[in-house]
file protein21.pdb (PDB, C-alpha atoms and all ligand atoms)
ATOM      1  CA  MET B   1     -23.572 -21.304  -8.257
ATOM      2  CA  LYS B   2     -22.035 -19.140  -5.529
ATOM      3  CA  LYS B   3     -20.078 -16.163  -6.844
ATOM      4  CA  THR B   4     -16.526 -15.605  -5.698
ATOM      5  CA  ILE B   5     -15.079 -12.202  -4.811
ATOM      6  CA  GLU B   6     -13.200 -12.321  -8.133
ATOM      7  CA  ASP B   7     -16.511 -12.867 -10.013
ATOM      8  CA  LYS B   8     -18.027  -9.866  -8.255
ATOM      9  CA  LEU B   9     -15.014  -7.620  -8.802
ATOM     10  CA  PHE B  10     -15.234  -8.408 -12.520
ATOM     11  CA  THR B  11     -18.450  -6.365 -12.661
ATOM     12  CA  VAL B  12     -16.534  -3.247 -11.655
ATOM     13  CA  ALA B  13     -14.005  -1.426 -13.820
ATOM     14  CA  ILE B  14     -11.302   0.336 -11.834
ATOM     15  CA  LYS B  15      -9.064   2.941 -13.419
ATOM     16  CA  PRO B  16      -5.909   2.772 -11.299
ATOM     17  CA  ASP B  17      -3.925   5.867 -10.385
ATOM     18  CA  GLU B  18      -0.360   4.658 -10.726
ATOM     19  CA  LYS B  19       1.081   7.937  -9.408
ATOM     20  CA  LYS B  20      -0.824   8.251  -6.156
ATOM     21  CA  ASN B  21      -1.817   5.591  -3.642
ATOM     22  CA  HIS B  22      -5.049   6.827  -2.040
ATOM     23  CA  ILE B  23      -4.741   4.529   0.982
ATOM     24  CA  SER B  24      -1.872   4.309   3.441
ATOM     25  CA  ILE B  25      -1.167   2.709   6.793
ATOM     26  CA  ILE B  26      -0.267   5.490   9.225
ATOM     27  CA  ARG B  27       1.712   3.476  11.818
ATOM     28  CA  PRO B  28       2.703  -0.006  10.592
ATOM     29  CA  GLU B  29       4.063  -0.859  14.050
ATOM     30  CA  VAL B  30       0.519  -0.663  15.445
ATOM     31  CA  CYS B  31      -0.581  -3.375  13.004
ATOM     32  CA  LEU B  32       2.345  -5.511  14.101
ATOM     33  CA  ARG B  33       2.260  -4.997  17.874
ATOM     34  CA  GLN B  34      -1.270  -4.019  18.871
ATOM     35  CA  CYS B  35      -3.746  -5.427  16.375
ATOM     36  CA  GLY B  36      -2.865  -9.117  16.400
ATOM     37  CA  ASP B  37      -5.150  -9.806  19.367
ATOM     38  CA  LEU B  38      -8.028  -8.295  17.360
ATOM     39  CA  ASN B  39      -7.259 -10.503  14.339
ATOM     40  CA  ARG B  40      -6.464  -7.450  12.183
ATOM     41  CA  PRO B  41     -10.046  -6.631  11.188
ATOM     42  CA  CYS B  42      -9.089  -4.835   7.961
ATOM     43  CA  THR B  43      -8.231  -8.241   6.516
ATOM     44  CA  PHE B  44     -11.898  -9.267   6.691
ATOM     45  CA  PHE B  45     -14.123  -6.149   6.728
ATOM     46  CA  CYS B  46     -12.915  -4.889   3.342
ATOM     47  CA  PRO B  47     -15.276  -6.271   0.660
ATOM     48  CA  ALA B  48     -12.537  -6.195  -1.975
ATOM     49  CA  LYS B  49      -9.848  -7.858   0.154
ATOM     50  CA  VAL B  50      -7.536  -4.880  -0.269
ATOM     51  CA  TYR B  51      -5.695  -5.649   2.980
ATOM     52  CA  THR B  52      -3.646  -8.780   3.563
ATOM     53  CA  TRP B  53      -1.256  -9.692   6.328
ATOM     54  CA  GLU B  54       2.048 -10.909   4.875
ATOM     55  CA  ASN B  55       5.556 -11.023   6.297
ATOM     56  CA  ASP B  56       4.550  -9.216   9.497
ATOM     57  CA  ALA B  57       3.016  -6.266   7.653
ATOM     58  CA  ILE B  58      -0.248  -5.173   6.064
ATOM     59  CA  THR B  59      -0.098  -4.966   2.293
ATOM     60  CA  VAL B  60      -2.571  -2.664   0.557
ATOM     61  CA  ALA B  61      -3.822  -3.617  -2.918
ATOM     62  CA  TYR B  62      -5.289  -0.160  -3.384
ATOM     63  CA  ASN B  63      -6.069  -0.711  -7.054
ATOM     64  CA  ASN B  64      -8.866  -3.119  -6.018
ATOM     65  CA  CYS B  65     -10.598  -0.563  -3.769
ATOM     66  CA  LEU B  66     -14.366  -0.171  -4.269
ATOM     67  CA  GLU B  67     -14.481   3.174  -2.381
ATOM     68  CA  CYS B  68     -16.975   1.995   0.225
ATOM     69  CA  VAL B  69     -14.927   3.926   2.860
ATOM     70  CA  THR B  70     -15.470   1.270   5.544
ATOM     71  CA  CYS B  71     -11.782   1.354   6.400
ATOM     72  CA  ARG B  72     -12.013   4.904   7.757
ATOM     73  CA  THR B  73     -14.158   3.658  10.628
ATOM     74  CA  GLY B  74     -13.370  -0.066  10.639
ATOM     75  CA  CYS B  75      -9.797   0.113  11.853
ATOM     76  CA  PRO B  76      -9.932   0.037  15.677
ATOM     77  CA  PHE B  77      -6.784   2.197  15.874
ATOM     78  CA  GLU B  78      -7.764   4.757  13.213
ATOM     79  CA  ASN B  79      -4.597   3.654  11.493
ATOM     80  CA  ILE B  80      -5.731   3.844   7.866
ATOM     81  CA  ASP B  81      -5.447   7.111   5.971
ATOM     82  CA  TYR B  82      -8.108   6.830   3.265
ATOM     83  CA  GLN B  83      -8.608   9.568   0.681
ATOM     84  CA  TYR B  84     -10.833   9.265  -2.353
ATOM     85  CA  PRO B  85      -8.897   8.671  -5.579
ATOM     86  CA  ARG B  86      -8.125  11.724  -7.663
ATOM     87  CA  GLY B  87     -10.712  12.813 -10.215
ATOM     88  CA  SER B  88     -11.218  10.425 -13.142
ATOM     89  CA  PHE B  89      -9.481   7.584 -11.266
ATOM     90  CA  GLY B  90     -11.015   4.786  -9.224
ATOM     91  CA  VAL B  91     -14.199   2.776  -9.659
ATOM     92  CA  GLN B  92     -16.262   2.982 -12.823
ATOM     93  CA  TYR B  93     -19.177   0.588 -12.584
ATOM     94  CA  LYS B  94     -19.659  -1.572 -15.659
ATOM     95  CA  PHE B  95     -23.009  -3.178 -14.797
ATOM     96  CA  GLY B  96     -25.666  -1.341 -12.846
TER      97      GLY B  96
HETATM   98 FE1  LIG B 101      -3.474  -2.166  11.093
HETATM   99 FE2  LIG B 101      -5.923  -1.104  11.396
HETATM  100 FE3  LIG B 101      -5.578  -3.256   9.881
HETATM  101 FE4  LIG B 101      -5.327  -3.409  12.533
HETATM  102  S1  LIG B 101      -7.214  -2.967  11.371
HETATM  103  S2  LIG B 101      -3.962  -4.369  11.034
HETATM  104  S3  LIG B 101      -4.346  -1.441  12.993
HETATM  105  S4  LIG B 101      -4.739  -1.217   9.496
HETATM  106 FE1  LIG B 102     -11.771  -1.744   1.164
HETATM  107 FE2  LIG B 102     -13.835  -0.106   1.150
HETATM  108 FE3  LIG B 102     -11.545   0.658   2.313
HETATM  109 FE4  LIG B 102     -11.690   0.435  -0.338
HETATM  110  S1  LIG B 102     -12.805   1.891   0.946
HETATM  111  S2  LIG B 102     -10.041  -0.328   0.954
HETATM  112  S3  LIG B 102     -13.106  -1.307  -0.581
HETATM  113  S4  LIG B 102     -12.885  -1.027   2.961
END

call {"tool": "encode", "arguments": {"input": "protein21.pdb", "output": "structure tokens", "more": "lines below"}}
Ligand code: SF4
Ligand code: SF4
result
Amino acid sequence: MKKTIEDKLFTVAIKPDEKKNHISIIRPEVCLRQCGDLNRPCTFFCPAKVYTWENDAITVAYNNCLECVTCRTGCPFENIDYQYPRGSFGVQYKFG
């Protein structure tokens, strides 16, 4: 049976940092005005589906981040400020 993204994310424990978001969109107006023609690639290159396009803005579910760092190079406008989570926060692999 094919595994869904939710099945795969279940194999990873993530300790969220409620005080500090480690990902931010630098210029939201670029997402709105310049990235539509490129189909907003962050909404499909992120393996954890952290980015979604809703109500004319990118929402960032940073607590699902797997720390693969693809978004630092994947955004065609270098519009994502990605920092690793603070020490002791973030991914903690359960299996493997
Ligand atoms: Fe915004 Fe970059 Fe995502 Fe495009 S790929 S919608 S510019 S964050
Ligand atoms: Fe998604 Fe990887 Fe960026 Fe985290 S680091 S938001 S998993 S692309």

call {"tool": "closest_residue", "arguments": {"input": "protein21.pdb", "among": "B:Gln92, B:Gln83, B:Thr4, B:Thr73", "to": "Asn21 in chain B", "atoms": "all atoms listed in the file"}}
result
B:Gln83

call {"tool": "residues_near_ligand", "arguments": {"input": "protein21.pdb", "ligand": "ligand LIG 102 (chain B)", "cutoff": "6 Å", "atoms": "only C-alpha atoms and all ligand atoms", "output": "PyMOL selection string"}}
result
chain B and resi 46-48+50+65-71

call {"tool": "resolve_selection", "arguments": {"input": "protein21.pdb", "expression": "the PyMOL selection byres (((not hetatm)) within 12 of (chain B and resi 101))", "output": "PyMOL selection string"}}
result
chain B and resi 23-46+49-54+56-60+70-82

call {"tool": "resolve_selection", "arguments": {"input": "protein21.pdb", "expression": "the PyMOL selection byres (((chain B and resi 6-15) around 8) and not hetatm)", "output": "VMD selection string"}}
result
chain B and resid 3 to 5 16 to 17 48 63 to 64 88 to 95

call {"tool": "decode", "arguments": {"input": "protein21.pdb", "residues": "range 57-94 of chain B", "atoms": "N, CA and C atoms", "output": "mmCIF file, in the first residue's frame"}}
result
data_model
loop_
_atom_site.group_PDB
_atom_site.id
_atom_site.type_symbol
_atom_site.label_atom_id
_atom_site.label_comp_id
_atom_site.auth_asym_id
_atom_site.auth_seq_id
_atom_site.Cartn_x
_atom_site.Cartn_y
_atom_site.Cartn_z
ATOM 1 N N ALA B 57 -1.616 34.358 0.232
ATOM 2 C CA ALA B 57 -0.364 34.425 0.995
ATOM 3 C C ALA B 57 0.161 33.013 1.234
ATOM 4 N N ILE B 58 1.472 32.921 1.432
ATOM 5 C CA ILE B 58 2.089 31.649 1.803
ATOM 6 C C ILE B 58 1.960 31.466 3.317
ATOM 7 N N THR B 59 1.444 30.333 3.729
ATOM 8 C CA THR B 59 1.466 30.008 5.151
ATOM 9 C C THR B 59 2.594 29.006 5.385
ATOM 10 N N VAL B 60 3.216 29.095 6.537
ATOM 11 C CA VAL B 60 4.399 28.285 6.840
ATOM 12 C C VAL B 60 4.121 27.446 8.091
ATOM 13 N N ALA B 61 3.934 26.142 7.888
ATOM 14 C CA ALA B 61 3.713 25.226 9.013
ATOM 15 C C ALA B 61 5.071 24.748 9.514
ATOM 16 N N TYR B 62 5.808 25.657 10.123
ATOM 17 C CA TYR B 62 7.223 25.385 10.417
ATOM 18 C C TYR B 62 7.424 24.216 11.378
ATOM 19 N N ASN B 63 6.415 23.880 12.141
ATOM 20 C CA ASN B 63 6.550 22.761 13.073
ATOM 21 C C ASN B 63 6.602 21.405 12.374
ATOM 22 N N ASN B 64 6.327 21.357 11.074
ATOM 23 C CA ASN B 64 6.435 20.107 10.309
ATOM 24 C C ASN B 64 7.776 19.976 9.596
ATOM 25 N N CYS B 65 8.645 20.961 9.725
ATOM 26 C CA CYS B 65 9.886 21.001 8.938
ATOM 27 C C CYS B 65 10.815 19.828 9.273
ATOM 28 N N LEU B 66 11.349 19.205 8.216
ATOM 29 C CA LEU B 66 12.273 18.073 8.366
ATOM 30 C C LEU B 66 13.738 18.496 8.283
ATOM 31 N N GLU B 67 13.999 19.797 8.130
ATOM 32 C CA GLU B 67 15.355 20.356 8.134
ATOM 33 C C GLU B 67 16.206 19.865 6.973
ATOM 34 N N CYS B 68 15.568 19.646 5.829
ATOM 35 C CA CYS B 68 16.337 19.231 4.645
ATOM 36 C C CYS B 68 17.043 20.418 3.989
ATOM 37 N N VAL B 69 16.594 21.636 4.298
ATOM 38 C CA VAL B 69 17.186 22.906 3.847
ATOM 39 C C VAL B 69 16.995 23.170 2.343
ATOM 40 N N THR B 70 16.150 22.417 1.692
ATOM 41 C CA THR B 70 15.883 22.657 0.270
ATOM 42 C C THR B 70 15.361 24.069 0.029
ATOM 43 N N CYS B 71 14.619 24.607 0.976
ATOM 44 C CA CYS B 71 13.987 25.904 0.714
ATOM 45 C C CYS B 71 14.998 27.041 0.628
ATOM 46 N N ARG B 72 16.202 26.870 1.133
ATOM 47 C CA ARG B 72 17.200 27.930 0.985
ATOM 48 C C ARG B 72 17.580 28.125 -0.477
ATOM 49 N N THR B 73 17.589 27.061 -1.242
ATOM 50 C CA THR B 73 17.977 27.169 -2.650
ATOM 51 C C THR B 73 16.788 26.998 -3.589
ATOM 52 N N GLY B 74 15.684 26.467 -3.104
ATOM 53 C CA GLY B 74 14.559 26.158 -3.989
ATOM 54 C C GLY B 74 13.704 27.349 -4.354
ATOM 55 N N CYS B 75 13.692 28.360 -3.530
ATOM 56 C CA CYS B 75 12.872 29.535 -3.846
ATOM 57 C C CYS B 75 13.574 30.348 -4.924
ATOM 58 N N PRO B 76 12.934 30.571 -6.079
ATOM 59 C CA PRO B 76 13.601 31.269 -7.179
ATOM 60 C C PRO B 76 13.912 32.729 -6.865
ATOM 61 N N PHE B 77 13.308 33.280 -5.826
ATOM 62 C CA PHE B 77 13.546 34.685 -5.463
ATOM 63 C C PHE B 77 14.343 34.821 -4.167
ATOM 64 N N GLU B 78 14.900 33.735 -3.695
ATOM 65 C CA GLU B 78 15.653 33.751 -2.416
ATOM 66 C C GLU B 78 14.838 34.488 -1.348
ATOM 67 N N ASN B 79 13.597 34.103 -1.261
ATOM 68 C CA ASN B 79 12.632 34.831 -0.438
ATOM 69 C C ASN B 79 12.292 34.108 0.867
ATOM 70 N N ILE B 80 13.016 33.033 1.149
ATOM 71 C CA ILE B 80 12.761 32.282 2.383
ATOM 72 C C ILE B 80 13.983 32.406 3.281
ATOM 73 N N ASP B 81 13.762 32.913 4.474
ATOM 74 C CA ASP B 81 14.846 32.986 5.465
ATOM 75 C C ASP B 81 14.741 31.732 6.330
ATOM 76 N N TYR B 82 15.649 30.788 6.080
ATOM 77 C CA TYR B 82 15.650 29.526 6.832
ATOM 78 C C TYR B 82 16.849 29.491 7.778
ATOM 79 N N GLN B 83 16.584 29.296 9.041
ATOM 80 C CA GLN B 83 17.637 29.070 10.036
ATOM 81 C C GLN B 83 17.355 27.719 10.679
ATOM 82 N N TYR B 84 18.378 27.013 11.091
ATOM 83 C CA TYR B 84 18.112 25.771 11.807
ATOM 84 C C TYR B 84 17.407 26.093 13.127
ATOM 85 N N PRO B 85 16.558 25.181 13.601
ATOM 86 C CA PRO B 85 15.923 25.403 14.904
ATOM 87 C C PRO B 85 16.982 25.520 16.000
ATOM 88 N N ARG B 86 16.605 26.173 17.073
ATOM 89 C CA ARG B 86 17.523 26.292 18.208
ATOM 90 C C ARG B 86 17.851 24.905 18.766
ATOM 91 N N GLY B 87 18.965 24.824 19.472
ATOM 92 C CA GLY B 87 19.404 23.556 20.044
ATOM 93 C C GLY B 87 18.316 22.897 20.870
ATOM 94 N N SER B 88 18.208 21.598 20.707
ATOM 95 C CA SER B 88 17.248 20.708 21.374
ATOM 96 C C SER B 88 15.857 20.766 20.760
ATOM 97 N N PHE B 89 15.623 21.681 19.797
ATOM 98 C CA PHE B 89 14.335 21.711 19.111
ATOM 99 C C PHE B 89 14.499 21.143 17.703
ATOM 100 N N GLY B 90 13.366 20.813 17.092
ATOM 101 C CA GLY B 90 13.370 20.335 15.716
ATOM 102 C C GLY B 90 13.221 18.831 15.631
ATOM 103 N N VAL B 91 13.762 18.256 14.526
ATOM 104 C CA VAL B 91 13.520 16.841 14.256
ATOM 105 C C VAL B 91 14.309 15.944 15.203
ATOM 106 N N GLN B 92 13.654 14.863 15.599
ATOM 107 C CA GLN B 92 14.283 13.821 16.403
ATOM 108 C C GLN B 92 13.761 12.513 15.829
ATOM 109 N N TYR B 93 14.598 11.845 15.047
ATOM 110 C CA TYR B 93 14.099 10.693 14.289
ATOM 111 C C TYR B 93 13.743 9.537 15.218
ATOM 112 N N LYS B 94 12.564 8.998 15.017
ATOM 113 C CA LYS B 94 12.083 7.890 15.849
ATOM 114 C C LYS B 94 12.584 6.551 15.341
#
